[in-house]
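K.L.:
I'd like to ask you about the structure that follows.
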Amino acid sequence: QVQLVESGGGLVQPGGSLRLSCATSGFIFDFYAVGWFRQAPGREREGVACISGTSGGDGSAWYAGPVRGRFTITKDNTNDTVILQMNSLKPEDTAVYYCAAPRRWTIVVPTTEDGYAYWGQGTQVTVSS
């Protein structure tokens, strides 16, 4: 049974940082891609950052334009955990953040919601002064 559990959300001032963690189980972590998505009130869920497996890929990462240069996604294969380091946060980063895993391996890392089958419960990130 695939499980993903996010943690690390909270309230932070603009310009601040947060570190989100996604603890995973039930799949071959170092083989499959994992993605971070977010959903702000009244908006569709959108991709934030995705990373390929290291044994099933080259461990490369994709970032959405609005977060590129501010967010970093990494995989901890020892602990089957995906980290999203978020720096220089802006009010528009406010959203519920989800991590997700795909049902099957693909040669190209999926970057959209339909490429993922398993989802965590989400963690709230609020950027406000």
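Convention: chains lettered A, B, ... in structure tokens order; per-chain residue numbering from 1; ligands numbered from 1 as shown.
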List every residue of segment 52-117 of chain A that DSSP, applied to the backbone, labels as strand (DSSP E or B), and write the result as a list in words.
P.N.:
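Checking each residue of segment 52-117 of chain A, the strand (DSSP E or B) ones are Ala61, Trp62, Tyr63, Phe71, Thr72, Ile73, Thr74, Lys75, Asp76, Thr81, Val82, Ile83, Leu84, Gln85, Met86, Ala95, Val96, Tyr97, Tyr98, Cys99, Ala100 and Ala101 of chain A.
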K.L.:
Go through segment 68-123 of chain A and collect every residue that DSSP, computed from the backbone, puts in helix (DSSP H, G or I); the answer should be as number ranges by chain.
P.N.:
A: 91-93, 113-115
K.L.:
Next, dump the selected residues to file, keeping only N, CA, C and O atoms, as a PDB file, in the first residue's frame.
P.N.:
ATOM      1  N   PRO A  91       3.679  35.806  -0.898  1.00  0.00           N
ATOM      2  CA  PRO A  91       2.270  35.546  -0.552  1.00  0.00           C
ATOM      3  C   PRO A  91       1.573  34.641  -1.562  1.00  0.00           C
ATOM      4  O   PRO A  91       0.704  33.837  -1.181  1.00  0.00           O
ATOM      5  N   GLU A  92       1.967  34.726  -2.821  1.00  0.00           N
ATOM      6  CA  GLU A  92       1.333  33.885  -3.852  1.00  0.00           C
ATOM      7  C   GLU A  92       1.743  32.421  -3.758  1.00  0.00           C
ATOM      8  O   GLU A  92       1.216  31.580  -4.492  1.00  0.00           O
ATOM      9  N   ASP A  93       2.676  32.093  -2.884  1.00  0.00           N
ATOM     10  CA  ASP A  93       3.018  30.695  -2.625  1.00  0.00           C
ATOM     11  C   ASP A  93       2.061  30.047  -1.625  1.00  0.00           C
ATOM     12  O   ASP A  93       2.144  28.835  -1.394  1.00  0.00           O
ATOM     13  N   GLU A 113      -0.730  16.728 -12.926  1.00  0.00           N
ATOM     14  CA  GLU A 113      -1.499  15.957 -11.966  1.00  0.00           C
ATOM     15  C   GLU A 113      -1.874  14.572 -12.497  1.00  0.00           C
ATOM     16  O   GLU A 113      -1.857  13.587 -11.738  1.00  0.00           O
ATOM     17  N   ASP A 114      -2.183  14.465 -13.775  1.00  0.00           N
ATOM     18  CA  ASP A 114      -2.650  13.188 -14.304  1.00  0.00           C
ATOM     19  C   ASP A 114      -1.536  12.150 -14.418  1.00  0.00           C
ATOM     20  O   ASP A 114      -1.794  10.995 -14.736  1.00  0.00           O
ATOM     21  N   GLY A 115      -0.291  12.558 -14.154  1.00  0.00           N
ATOM     22  CA  GLY A 115       0.802  11.604 -14.161  1.00  0.00           C
ATOM     23  C   GLY A 115       1.008  10.906 -12.834  1.00  0.00           C
ATOM     24  O   GLY A 115       1.898  10.070 -12.709  1.00  0.00           O
TER      25      GLY A 115
END
K.L.:
Hey, what's within 9 Å of Thr106 of chain A if we count only C-alpha atoms and toss same-chain stuff fewer than 2 positions away? As a PyMOL selection string, please?
P.N.:
chain A and resi 32-33+56+102+104+108-110
K.L.:
Based on the selection just made, write C-alpha atoms of those residues as a PDB file, in the first residue's frame.
P.N.:
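Full text of result.pdb as output:
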ATOM      1  CA  TYR A  32      10.087   6.154  -9.209  1.00  0.00           C
ATOM      2  CA  ALA A  33       9.591   9.883  -9.614  1.00  0.00           C
ATOM      3  CA  GLY A  56      15.084   4.484 -12.576  1.00  0.00           C
ATOM      4  CA  PRO A 102       3.025   7.735  -9.992  1.00  0.00           C
ATOM      5  CA  ARG A 104       4.080   3.308 -13.067  1.00  0.00           C
ATOM      6  CA  VAL A 108       9.949  11.233 -18.771  1.00  0.00           C
ATOM      7  CA  VAL A 109       9.233  12.552 -15.283  1.00  0.00           C
ATOM      8  CA  PRO A 110       5.538  13.468 -15.107  1.00  0.00           C
TER       9      PRO A 110
END
K.L.:
Which of these residues is nearest to Arg19 of chain A, using only C-alpha atoms: A:Asp58, A:Gly122, A:Met86, A:Thr72?
P.N.:
A:Met86
K.L.:
Would you mind listing what lies within 7 Å of segment 26-29 of chain A as a PyMOL selection string, with only C-alpha atoms counted and same-chain residues fewer than 4 positions away left out?
P.N.:
chain A and resi 1-3+77+80
K.L.:
If you count only C-alpha atoms, which residues fall within 8 Å of Ala117 of chain A, apart from same-chain ones fewer than 4 positions away, as a PDB file with N, CA, C and O atoms, in the first residue's frame?
P.N.:
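Saved as selection-v5.pdb:
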ATOM      1  N   ALA A 100       3.188  13.487  -4.308  1.00  0.00           N
ATOM      2  CA  ALA A 100       2.495  12.476  -5.086  1.00  0.00           C
ATOM      3  C   ALA A 100       3.486  11.517  -5.715  1.00  0.00           C
ATOM      4  O   ALA A 100       4.636  11.878  -5.988  1.00  0.00           O
ATOM      5  N   ALA A 101       3.009  10.291  -5.954  1.00  0.00           N
ATOM      6  CA  ALA A 101       3.815   9.267  -6.606  1.00  0.00           C
ATOM      7  C   ALA A 101       3.030   8.674  -7.771  1.00  0.00           C
ATOM      8  O   ALA A 101       1.798   8.559  -7.698  1.00  0.00           O
ATOM      9  N   PRO A 102       3.723   8.289  -8.833  1.00  0.00           N
ATOM     10  CA  PRO A 102       3.025   7.735  -9.992  1.00  0.00           C
ATOM     11  C   PRO A 102       2.705   6.255  -9.797  1.00  0.00           C
ATOM     12  O   PRO A 102       3.284   5.584  -8.955  1.00  0.00           O
ATOM     13  N   ARG A 103       1.795   5.766 -10.620  1.00  0.00           N
ATOM     14  CA  ARG A 103       1.445   4.354 -10.557  1.00  0.00           C
ATOM     15  C   ARG A 103       2.490   3.497 -11.261  1.00  0.00           C
ATOM     16  O   ARG A 103       2.746   2.358 -10.887  1.00  0.00           O
TER      17      ARG A 103
END
K.L.:
Pick out the residues sitting within 7 Å of segment 49-53 of chain A, and hand them over as a list in words; count only C-alpha atoms, and ignore anything fewer than 2 positions along from it in its own chain.
P.N.:
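Within the cut-off, the hits are Asp30, Phe31, Tyr32, Ala33, Val34, Gly35, Trp36, Gly47, Ser55, Gly56, Gly57, Asp58, Gly59, Ser60, Ala61, Trp62, Tyr63, Ala64, Ile73, Val109 and Thr111 of chain A.
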K.L.:
Please write the residues from the selection above to a file, keeping N, CA, C and O atoms, as a PDB file, in the first residue's frame.
P.N.:
ATOM      1  N   ASP A  30      13.559   4.705  -4.701  1.00  0.00           N
ATOM      2  CA  ASP A  30      14.663   5.239  -5.496  1.00  0.00           C
ATOM      3  C   ASP A  30      14.475   4.975  -6.980  1.00  0.00           C
ATOM      4  O   ASP A  30      15.277   5.428  -7.795  1.00  0.00           O
ATOM      5  N   PHE A  31      13.409   4.265  -7.360  1.00  0.00           N
ATOM      6  CA  PHE A  31      13.161   3.973  -8.765  1.00  0.00           C
ATOM      7  C   PHE A  31      12.188   4.964  -9.404  1.00  0.00           C
ATOM      8  O   PHE A  31      12.363   5.369 -10.555  1.00  0.00           O
ATOM      9  N   TYR A  32      11.160   5.345  -8.651  1.00  0.00           N
ATOM     10  CA  TYR A  32      10.087   6.154  -9.209  1.00  0.00           C
ATOM     11  C   TYR A  32      10.274   7.650  -8.963  1.00  0.00           C
ATOM     12  O   TYR A  32      10.923   8.065  -7.999  1.00  0.00           O
ATOM     13  N   ALA A  33       9.647   8.445  -9.822  1.00  0.00           N
ATOM     14  CA  ALA A  33       9.591   9.883  -9.614  1.00  0.00           C
ATOM     15  C   ALA A  33       8.664  10.219  -8.450  1.00  0.00           C
ATOM     16  O   ALA A  33       7.790   9.435  -8.081  1.00  0.00           O
ATOM     17  N   VAL A  34       8.862  11.393  -7.891  1.00  0.00           N
ATOM     18  CA  VAL A  34       7.956  11.938  -6.879  1.00  0.00           C
ATOM     19  C   VAL A  34       7.752  13.406  -7.205  1.00  0.00           C
ATOM     20  O   VAL A  34       8.681  14.080  -7.663  1.00  0.00           O
ATOM     21  N   GLY A  35       6.554  13.899  -6.987  1.00  0.00           N
ATOM     22  CA  GLY A  35       6.263  15.282  -7.301  1.00  0.00           C
ATOM     23  C   GLY A  35       5.646  16.029  -6.145  1.00  0.00           C
ATOM     24  O   GLY A  35       5.016  15.431  -5.264  1.00  0.00           O
ATOM     25  N   TRP A  36       5.854  17.338  -6.131  1.00  0.00           N
ATOM     26  CA  TRP A  36       5.173  18.248  -5.203  1.00  0.00           C
ATOM     27  C   TRP A  36       4.211  19.103  -6.020  1.00  0.00           C
ATOM     28  O   TRP A  36       4.583  19.649  -7.066  1.00  0.00           O
ATOM     29  N   GLY A  47       1.521  21.746 -10.585  1.00  0.00           N
ATOM     30  CA  GLY A  47       2.819  21.172 -10.276  1.00  0.00           C
ATOM     31  C   GLY A  47       3.769  22.238  -9.783  1.00  0.00           C
ATOM     32  O   GLY A  47       3.758  23.364 -10.273  1.00  0.00           O
ATOM     33  N   SER A  55      17.616   5.267  -9.378  1.00  0.00           N
ATOM     34  CA  SER A  55      17.902   3.989 -10.026  1.00  0.00           C
ATOM     35  C   SER A  55      17.072   3.820 -11.294  1.00  0.00           C
ATOM     36  O   SER A  55      17.457   3.085 -12.200  1.00  0.00           O
ATOM     37  N   GLY A  56      15.926   4.536 -11.381  1.00  0.00           N
ATOM     38  CA  GLY A  56      15.084   4.484 -12.576  1.00  0.00           C
ATOM     39  C   GLY A  56      15.222   5.715 -13.425  1.00  0.00           C
ATOM     40  O   GLY A  56      14.415   5.961 -14.315  1.00  0.00           O
ATOM     41  N   GLY A  57      16.205   6.531 -13.155  1.00  0.00           N
ATOM     42  CA  GLY A  57      16.423   7.769 -13.891  1.00  0.00           C
ATOM     43  C   GLY A  57      17.733   8.390 -13.444  1.00  0.00           C
ATOM     44  O   GLY A  57      18.550   7.741 -12.800  1.00  0.00           O
ATOM     45  N   ASP A  58      17.883   9.657 -13.749  1.00  0.00           N
ATOM     46  CA  ASP A  58      19.143  10.322 -13.408  1.00  0.00           C
ATOM     47  C   ASP A  58      18.993  11.269 -12.225  1.00  0.00           C
ATOM     48  O   ASP A  58      19.890  12.040 -11.937  1.00  0.00           O
ATOM     49  N   GLY A  59      17.842  11.211 -11.550  1.00  0.00           N
ATOM     50  CA  GLY A  59      17.635  12.073 -10.393  1.00  0.00           C
ATOM     51  C   GLY A  59      17.438  13.528 -10.743  1.00  0.00           C
ATOM     52  O   GLY A  59      17.543  14.395  -9.877  1.00  0.00           O
ATOM     53  N   SER A  60      17.110  13.801 -12.001  1.00  0.00           N
ATOM     54  CA  SER A  60      16.960  15.194 -12.418  1.00  0.00           C
ATOM     55  C   SER A  60      15.627  15.757 -11.923  1.00  0.00           C
ATOM     56  O   SER A  60      14.679  15.024 -11.645  1.00  0.00           O
ATOM     57  N   ALA A  61      15.572  17.076 -11.823  1.00  0.00           N
ATOM     58  CA  ALA A  61      14.407  17.755 -11.268  1.00  0.00           C
ATOM     59  C   ALA A  61      13.802  18.716 -12.277  1.00  0.00           C
ATOM     60  O   ALA A  61      14.499  19.261 -13.142  1.00  0.00           O
ATOM     61  N   TRP A  62      12.516  18.908 -12.168  1.00  0.00           N
ATOM     62  CA  TRP A  62      11.768  19.902 -12.946  1.00  0.00           C
ATOM     63  C   TRP A  62      11.128  20.864 -11.968  1.00  0.00           C
ATOM     64  O   TRP A  62      10.659  20.465 -10.900  1.00  0.00           O
ATOM     65  N   TYR A  63      11.103  22.142 -12.330  1.00  0.00           N
ATOM     66  CA  TYR A  63      10.474  23.161 -11.498  1.00  0.00           C
ATOM     67  C   TYR A  63       9.512  23.998 -12.331  1.00  0.00           C
ATOM     68  O   TYR A  63       9.813  24.345 -13.481  1.00  0.00           O
ATOM     69  N   ALA A  64       8.391  24.346 -11.735  1.00  0.00           N
ATOM     70  CA  ALA A  64       7.482  25.292 -12.365  1.00  0.00           C
ATOM     71  C   ALA A  64       8.141  26.668 -12.415  1.00  0.00           C
ATOM     72  O   ALA A  64       8.918  27.028 -11.509  1.00  0.00           O
ATOM     73  N   ILE A  73      13.991  20.625  -4.794  1.00  0.00           N
ATOM     74  CA  ILE A  73      13.459  19.317  -4.445  1.00  0.00           C
ATOM     75  C   ILE A  73      14.610  18.317  -4.398  1.00  0.00           C
ATOM     76  O   ILE A  73      15.484  18.314  -5.275  1.00  0.00           O
ATOM     77  N   VAL A 109       9.834  12.267 -16.577  1.00  0.00           N
ATOM     78  CA  VAL A 109       9.233  12.552 -15.283  1.00  0.00           C
ATOM     79  C   VAL A 109       7.894  13.275 -15.489  1.00  0.00           C
ATOM     80  O   VAL A 109       7.855  14.314 -16.160  1.00  0.00           O
ATOM     81  N   THR A 111       4.971  15.794 -14.895  1.00  0.00           N
ATOM     82  CA  THR A 111       4.939  17.096 -14.236  1.00  0.00           C
ATOM     83  C   THR A 111       3.531  17.629 -14.067  1.00  0.00           C
ATOM     84  O   THR A 111       3.346  18.741 -13.569  1.00  0.00           O
TER      85      THR A 111
END
K.L.:
Considering only C-alpha atoms, return as a PyMOL selection string whatever protein or nucleic-acid residues lie within 8 Å of segment 40-45 of chain A, sequence-local ones (same chain, fewer than 2 positions apart) excluded.
P.N.:
chain A and resi 37-38+47+94-96+113
K.L.:
Which distance in Å separates atom CA of Pro14 of chain A and atom CA of Phe71 of chain A, to one decimal?
P.N.:
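Taking atom CA of Pro14 of chain A and atom CA of Phe71 of chain A, their separation equals 14.3 Å.
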K.L.:
Pick from A:Ile107, A:Val12, A:Leu4, A:Val67: nearest to Ser129 of chain A, with only C-alpha atoms counted?
P.N.:
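That would be A:Val12, the residue with the smallest distance to Ser129 of chain A.
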